[in-house]
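Report on the structure given below.
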Amino acid sequence: MTQRASFVNIMVYVVLTIAALSFIYPFIWMMGAAFAPMHEIAKMVVWPSHPGWGNFKSLVQKIPIVHSLLISLLVASFTTFLVLISGSTVGYALAKMRFKGRQLIFYVIVFTMSLPFQITLIPNYITMVNFHLVDSFLALVVPFAVSAFAILMFRQAFQGLPQALIDAARMDGCNEMGIIFRVLWPNIKPTLITVAILSFIGSWNEVLWPLIVIRNEQLMTMPQLVTLFAVGGRADSQLGVKIAAAVLLALPVMIAFLFFQKHFINSMASTGLKD
Amino acid sequence: MISGQLKNSFLFRKKKILPYLLVSPYLAFVLVFVLFPVFFCLFLTFHKWNIIAPMHFIGTGNYTRLFHDRLFWKAIGNTLKFLLLHIPLQLMVSLFLAQLLSLQIKGVSFFRASFFLPVIVSGVVITIIWQQLFGYDTGMFNRMLMSIGLSKAGWLVNPDIAIYSIAIMATWKNLGLYVILFLVGLQTVPMQYYEAAKLEGASAWQRFYHITLPMINPTIFMVVVLSTIGGFSLFIEPYIMTGGGPLNQTLSAVLYIYKQAFQYYNMGYSATLGFFYAIMIMTVVVLQKKFIEKEE
């Protein structure tokens, strides 16, 4: 390697390391600040000299944060479950069956994907009002129970599987539901993982819709509760408490990311690549 | 014999009906949550309604109001200002970092993961953190400015720059995703092209401009479209950070639509804004597509 090449090489590492630090530092600071007393947060140091649980203690007293964590977990799990079921049944029909109107349904899917949500936001809220679903668990789940993207992902995965697999299962007397969930699912694990991660993260991070349909504090999702706490003035004088709330909101996703990093990155990248 | 025929025709009918059974829940969903809302939204645009009192037909009143609504156009302007910084910054920085990562270096997965961290974390968390980084007296950015002898900037309090501060934060949040997309795109460029160009004596910049850029055009389009749609959806960041201030300079269009519906209960007018805004977004995306295809 020439001297110039190795210099360039070092520069590349320097730039990348600075970039990586600029992405990680804010999170590390957040962790430290959550354990710091008020006067130390402003110093933007990485770790407080007298760490303590004080911020978390007052957070738990002020808002039902643990309760909202459970609500968010329930909403995200239930939504993911429904997206997997609905996505694979419709995807299966589109991939492996011939029927009139199949092409039309395909166009409908593409249409729904390219439609900006701003157009359906107010009408969907009114639908919730008319169905008496405002302030209900269902309001957080039902509008997200079907995903056009998931259907396309499953359709593509099923198209790649041989017809013989299905025919053999039918010969054994397996019904269609059995074929989809017991015969085909084990063969499309990467797609299942991708769809599950995307819908779970999407549901976990959704905040505009909960802000609209939930007013009862006992039903609020975690990002919603933290948002209202952060803007409501209740946290103004206690920055540390606000940051403690942010830590609790970030932690589950960050831990999951630590373990399934590669799956996360591949899944998110596929949202852009499947067009 | 007869029962066999019966069974056959039953199976035949079952086979015909089955696909419709499988897709019917989806169609019901689309009807309730997509198609009906689109038409209902259009219907609402001709009405005045506060959701409690009966609806009032007001013809094109909402549209007249929209075209004279200074605040709405300001919100559109703010969103465009946001995009004006967000899109080029997003493209340049993520392509630059992806280029560096594709140089066959060690630790790619570490760098990728660290760039990706903000992508998966809730925007609520990111906004709360950056609110402190942007702080006037104690924020990290102003500390850095002071330490190199510059004066403090009013990142979120100066009406002229607040929206750009939010654009920088949004770029930082989404960057990791676009680095990954560009990395995938860069891998599709055949190495022989670069080697041939090298033999011809093309400089690194020439190789980038004449080989890389045209080859990754589809990725560029995707990044532009995704960050345009994301930018047009800007809501939670100004909602938490500034509430739309100072002087409505960070009021985004979605935040304004939200306020019209859920603070002032103007359902008809808010639906009109949403309808108009959605059509505007679709138009912009189509134009971008046309423009980039022409470049090819």
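A note on labels: chains of the structure tokens are A, B, ... as shown, every chain counts residues from 1, and ligands are counted from 1 in their shown order.
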Just want the 12 Å neighbourhood of Met222 (chain B), counted on only C-alpha atoms, with same-chain residues fewer than 3 positions away dropped. Output as a short mmCIF file (atom, residue, chain, number, x, y, z; two decimals) with C-alpha atoms, in the first residue's frame.
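selection_28.cif written:
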```cif
data_model
loop_
_atom_site.label_atom_id
_atom_site.label_comp_id
_atom_site.auth_asym_id
_atom_site.auth_seq_id
_atom_site.Cartn_x
_atom_site.Cartn_y
_atom_site.Cartn_z
CA ALA A 269 -34.24 -1.50 4.07
CA SER A 270 -36.84 -3.70 2.38
CA THR A 271 -39.52 -1.01 2.84
CA GLY A 272 -37.65 1.09 0.34
CA LEU A 273 -36.49 -1.69 -1.94
CA LYS A 274 -39.77 -3.42 -2.65
CA ASP A 275 -41.24 -0.66 -4.84
CA ILE B 87 -33.62 16.43 0.91
CA LEU B 91 -28.91 12.72 -0.17
CA LEU B 177 -31.98 4.09 6.54
CA TYR B 178 -30.74 5.94 3.46
CA LEU B 181 -30.39 1.91 0.74
CA PHE B 182 -27.38 3.53 -0.94
CA GLY B 185 -27.56 0.48 -4.58
CA ILE B 216 -27.72 4.45 -8.64
CA ASN B 217 -30.37 6.75 -10.09
CA PRO B 218 -33.22 4.46 -8.94
CA THR B 219 -31.92 4.63 -5.37
CA VAL B 225 -39.46 10.27 -2.66
CA LEU B 226 -39.19 8.69 0.79
CA SER B 227 -37.75 11.83 2.35
CA THR B 228 -40.31 14.00 0.55
CA ILE B 229 -43.20 11.93 1.90
CA GLY B 230 -41.58 11.84 5.33
CA VAL B 285 -44.12 12.82 -6.08
CA GLN B 288 -40.22 14.15 -9.04
CA LYS B 289 -40.59 10.85 -10.83
CA ILE B 292 -35.66 12.01 -12.44
CA GLU B 293 -36.70 9.73 -15.31
#
```
Item to complete: Determine which residues of chain A sit within 6 Å of chain B, taking into account only C-alpha atoms, and present them as a PyMOL selection string.
Response: chain A and resi 20+23+42+89-90+93+116+118-120+123+205+231+246+250
Go ahead and save the picked residues with N, CA and C atoms, as a CSV table (one decimal), in the first residue's frame.
```
chain,number,residue,atom,x,y,z
A,20,ALA,N,-20.1,8.0,13.6
A,20,ALA,CA,-20.8,7.0,14.4
A,20,ALA,C,-21.0,7.6,15.8
A,23,PHE,N,-23.9,9.8,16.2
A,23,PHE,CA,-25.1,9.1,16.3
A,23,PHE,C,-25.4,8.4,17.6
A,42,ALA,N,-27.7,20.0,32.8
A,42,ALA,CA,-27.4,21.1,32.0
A,42,ALA,C,-25.9,21.1,31.5
A,89,THR,N,-52.9,-14.4,4.5
A,89,THR,CA,-54.1,-15.0,3.8
A,89,THR,C,-54.3,-14.3,2.5
A,90,VAL,N,-54.3,-13.0,2.5
A,90,VAL,CA,-54.5,-12.3,1.2
A,90,VAL,C,-53.4,-12.5,0.3
A,93,ALA,N,-53.8,-15.9,-1.4
A,93,ALA,CA,-54.8,-15.9,-2.5
A,93,ALA,C,-54.2,-15.2,-3.7
A,116,PRO,N,-51.6,9.4,0.4
A,116,PRO,CA,-51.1,10.0,1.7
A,116,PRO,C,-52.1,9.9,2.8
A,118,GLN,N,-52.9,11.8,5.1
A,118,GLN,CA,-53.6,13.1,5.5
A,118,GLN,C,-55.0,13.1,5.0
A,119,ILE,N,-55.3,12.4,3.9
A,119,ILE,CA,-56.6,12.4,3.4
A,119,ILE,C,-57.6,11.6,4.2
A,120,THR,N,-57.1,10.5,4.8
A,120,THR,CA,-58.0,9.6,5.5
A,120,THR,C,-58.1,9.9,7.0
A,123,PRO,N,-61.6,11.6,8.3
A,123,PRO,CA,-62.7,10.7,8.2
A,123,PRO,C,-62.5,9.5,9.1
A,205,ASN,N,-44.1,3.0,17.6
A,205,ASN,CA,-43.7,4.4,17.5
A,205,ASN,C,-44.8,5.3,17.0
A,231,VAL,N,-45.0,18.0,26.4
A,231,VAL,CA,-45.5,19.3,26.0
A,231,VAL,C,-46.4,20.0,27.0
A,246,ALA,N,-38.2,9.5,28.3
A,246,ALA,CA,-37.6,9.2,27.0
A,246,ALA,C,-36.8,7.9,27.0
A,250,ALA,N,-37.4,4.5,24.9
A,250,ALA,CA,-36.4,4.1,23.9
A,250,ALA,C,-35.9,2.7,24.2
```
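Shortest atom-to-atom contact with Met268 (chain A) among B:Gln192, B:Asn174, B:Thr250, B:Gln263: B:Asn174, counting only C-alpha atoms.
Take the candidates A:Lys43, A:His67, A:His50, A:His263 and check each one against Ala196 (chain A) using only C-alpha atoms; the shortest distance goes to A:His263.
Closest approach to Phe158 (chain A) among A:Tyr125, A:Gln103, A:Gln224, A:Gly87: A:Gly87, based on only C-alpha atoms.
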Practice prompt. Pick out the residues sitting within 12 Å of Gly178 (chain A), and hand them over as a ChimeraX atom specification; count only C-alpha atoms, and ignore anything fewer than 6 positions along from it in its own chain.
Written response: /A:89,166,169-170,172,184-186
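Distances here use only C-alpha atoms; by that measure, the residue among B:Leu89, B:Leu183, B:Ile76, B:Val157 closest to Ile265 (chain A) is B:Leu183.
When CA of Val134 (chain A) is paired with CA of Arg215 (chain A), their separation reads 8.2 Å.
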Discussion item. Write out as a ChimeraX atom specification the set of residues from region 34-161 of chain B that DSSP, computed on the backbone, places in alpha helix (DSSP H).
Written reply: /B:36-44,61-68,70-101,108-120,123-133,140-147
Output C-alpha atoms for every residue in the selection just made, as a CSV table (one decimal), in the first residue's frame.
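The result, stored in part_19.csv:
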```
chain,number,residue,atom,x,y,z
B,36,PHE,CA,-65.1,5.4,2.2
B,37,PRO,CA,-62.8,7.9,3.9
B,38,VAL,CA,-61.6,9.3,0.6
B,39,PHE,CA,-65.1,10.0,-0.5
B,40,PHE,CA,-66.3,11.1,2.9
B,41,CYS,CA,-63.3,13.5,3.0
B,42,LEU,CA,-64.4,15.0,-0.3
B,43,PHE,CA,-68.0,15.2,1.0
B,44,LEU,CA,-66.8,17.0,4.2
B,61,GLY,CA,-66.7,27.9,1.2
B,62,ASN,CA,-63.9,25.8,2.7
B,63,TYR,CA,-61.9,26.1,-0.6
B,64,THR,CA,-62.3,29.9,-0.7
B,65,ARG,CA,-61.2,29.9,2.9
B,66,LEU,CA,-58.2,27.6,2.2
B,67,PHE,CA,-56.9,29.8,-0.6
B,68,HIS,CA,-57.1,32.9,1.7
B,70,ARG,CA,-52.4,32.8,5.4
B,71,LEU,CA,-51.5,30.4,8.1
B,72,PHE,CA,-52.1,27.4,5.9
B,73,TRP,CA,-49.9,28.8,3.2
B,74,LYS,CA,-47.3,29.7,5.8
B,75,ALA,CA,-47.4,26.0,7.0
B,76,ILE,CA,-47.0,24.8,3.4
B,77,GLY,CA,-44.1,27.3,3.1
B,78,ASN,CA,-42.5,26.0,6.3
B,79,THR,CA,-42.8,22.4,5.1
B,80,LEU,CA,-41.2,23.4,1.8
B,81,LYS,CA,-38.3,25.2,3.6
B,82,PHE,CA,-37.9,22.1,5.6
B,83,LEU,CA,-37.7,19.9,2.5
B,84,LEU,CA,-35.3,22.4,0.8
B,85,LEU,CA,-32.7,21.6,3.4
B,86,HIS,CA,-33.7,18.1,4.3
B,87,ILE,CA,-33.6,16.4,0.9
B,88,PRO,CA,-30.2,17.7,-0.4
B,89,LEU,CA,-28.6,17.2,3.0
B,90,GLN,CA,-30.1,13.7,3.3
B,91,LEU,CA,-28.9,12.7,-0.2
B,92,MET,CA,-25.4,14.1,0.2
B,93,VAL,CA,-24.5,12.9,3.6
B,94,SER,CA,-26.1,9.4,3.3
B,95,LEU,CA,-24.5,8.8,-0.1
B,96,PHE,CA,-21.1,10.1,1.2
B,97,LEU,CA,-21.2,7.7,4.3
B,98,ALA,CA,-22.4,4.8,2.1
B,99,GLN,CA,-19.5,5.4,-0.3
B,100,LEU,CA,-17.1,5.3,2.7
B,101,LEU,CA,-18.7,2.1,4.0
B,108,VAL,CA,-18.9,-2.1,8.6
B,109,SER,CA,-21.6,-3.7,10.8
B,110,PHE,CA,-20.7,-1.5,13.8
B,111,PHE,CA,-20.9,1.7,11.7
B,112,ARG,CA,-24.1,0.6,10.0
B,113,ALA,CA,-25.7,-0.2,13.4
B,114,SER,CA,-24.7,3.1,15.0
B,115,PHE,CA,-26.1,5.1,12.0
B,116,PHE,CA,-29.2,3.1,12.2
B,117,LEU,CA,-30.0,3.5,15.9
B,118,PRO,CA,-32.0,6.8,15.5
B,119,VAL,CA,-34.1,5.2,12.7
B,120,ILE,CA,-35.8,2.7,15.0
B,123,GLY,CA,-39.4,10.4,17.1
B,124,VAL,CA,-40.6,11.4,20.5
B,125,VAL,CA,-37.4,10.3,22.1
B,126,ILE,CA,-35.2,11.9,19.4
B,127,THR,CA,-37.1,15.2,19.8
B,128,ILE,CA,-36.8,15.3,23.6
B,129,ILE,CA,-33.0,14.7,23.3
B,130,TRP,CA,-32.5,17.2,20.5
B,131,GLN,CA,-34.5,19.8,22.4
B,132,GLN,CA,-31.7,19.8,25.0
B,133,LEU,CA,-28.9,19.7,22.3
B,140,MET,CA,-24.4,21.2,23.3
B,141,PHE,CA,-24.4,23.0,20.0
B,142,ASN,CA,-24.1,26.4,21.6
B,143,ARG,CA,-21.4,25.2,23.9
B,144,MET,CA,-19.5,24.0,20.9
B,145,LEU,CA,-20.0,27.3,19.1
B,146,MET,CA,-18.8,29.2,22.2
B,147,SER,CA,-15.8,27.0,22.6
```
Item to complete: Just give me the gap between CA of Val146 (chain A) and CA of Leu70 (chain A) in Å, one decimal is fine.
Response: 22.3 Å
Discussion item. Excluding Leu140 (chain A) and its own-chain neighbours fewer than 5 positions away, which residues fall within 8 Å of it when counting only C-alpha atoms? Please give them as number ranges by chain.
Written reply: A: 75, 209-210, 213
Discussion item. Could you list, as a PyMOL selection string, every residue within 8 Å of Ile63 (chain A), counting only C-alpha atoms and ignoring same-chain residues fewer than 3 positions away?
Written reply: chain A and resi 59-60+225+229
Write out, as a CSV table (one decimal), in the first residue's frame, the residues just selected, with N, CA and C atoms.
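Result went into again.csv, see below:
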```csv
chain,number,residue,atom,x,y,z
A,59,LEU,N,-41.1,10.2,38.1
A,59,LEU,CA,-41.8,9.9,36.9
A,59,LEU,C,-43.0,9.0,37.1
A,60,VAL,N,-42.7,7.9,37.9
A,60,VAL,CA,-43.7,6.9,38.2
A,60,VAL,C,-44.9,7.5,39.0
A,225,LEU,N,-48.3,9.2,25.8
A,225,LEU,CA,-48.2,9.6,27.2
A,225,LEU,C,-46.9,10.5,27.4
A,229,PHE,N,-46.8,14.5,28.2
A,229,PHE,CA,-46.0,14.9,29.4
A,229,PHE,C,-44.9,15.9,29.0
```
Discussion item. Using only C-alpha atoms, which protein or nucleic acid residues come within 12 Å of Lys198 (chain B)? Drop anything in the same chain fewer than 6 positions from it, and give the result as a list in words.
Written reply: Met191, Gln192, Ala204, Trp205, Gln206, Arg207, Phe208 and Ile211 of chain B
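Shortest atom-to-atom contact with Ala145 (chain A) among A:Leu84, A:Leu251, A:Ile197, A:Ile126: A:Leu84, counting only C-alpha atoms.
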Worksheet item: How far is it from CA of Ala164 (chain A) to CA of Arg98 (chain A), in Å with one decimal?
Response: 16.3 Å
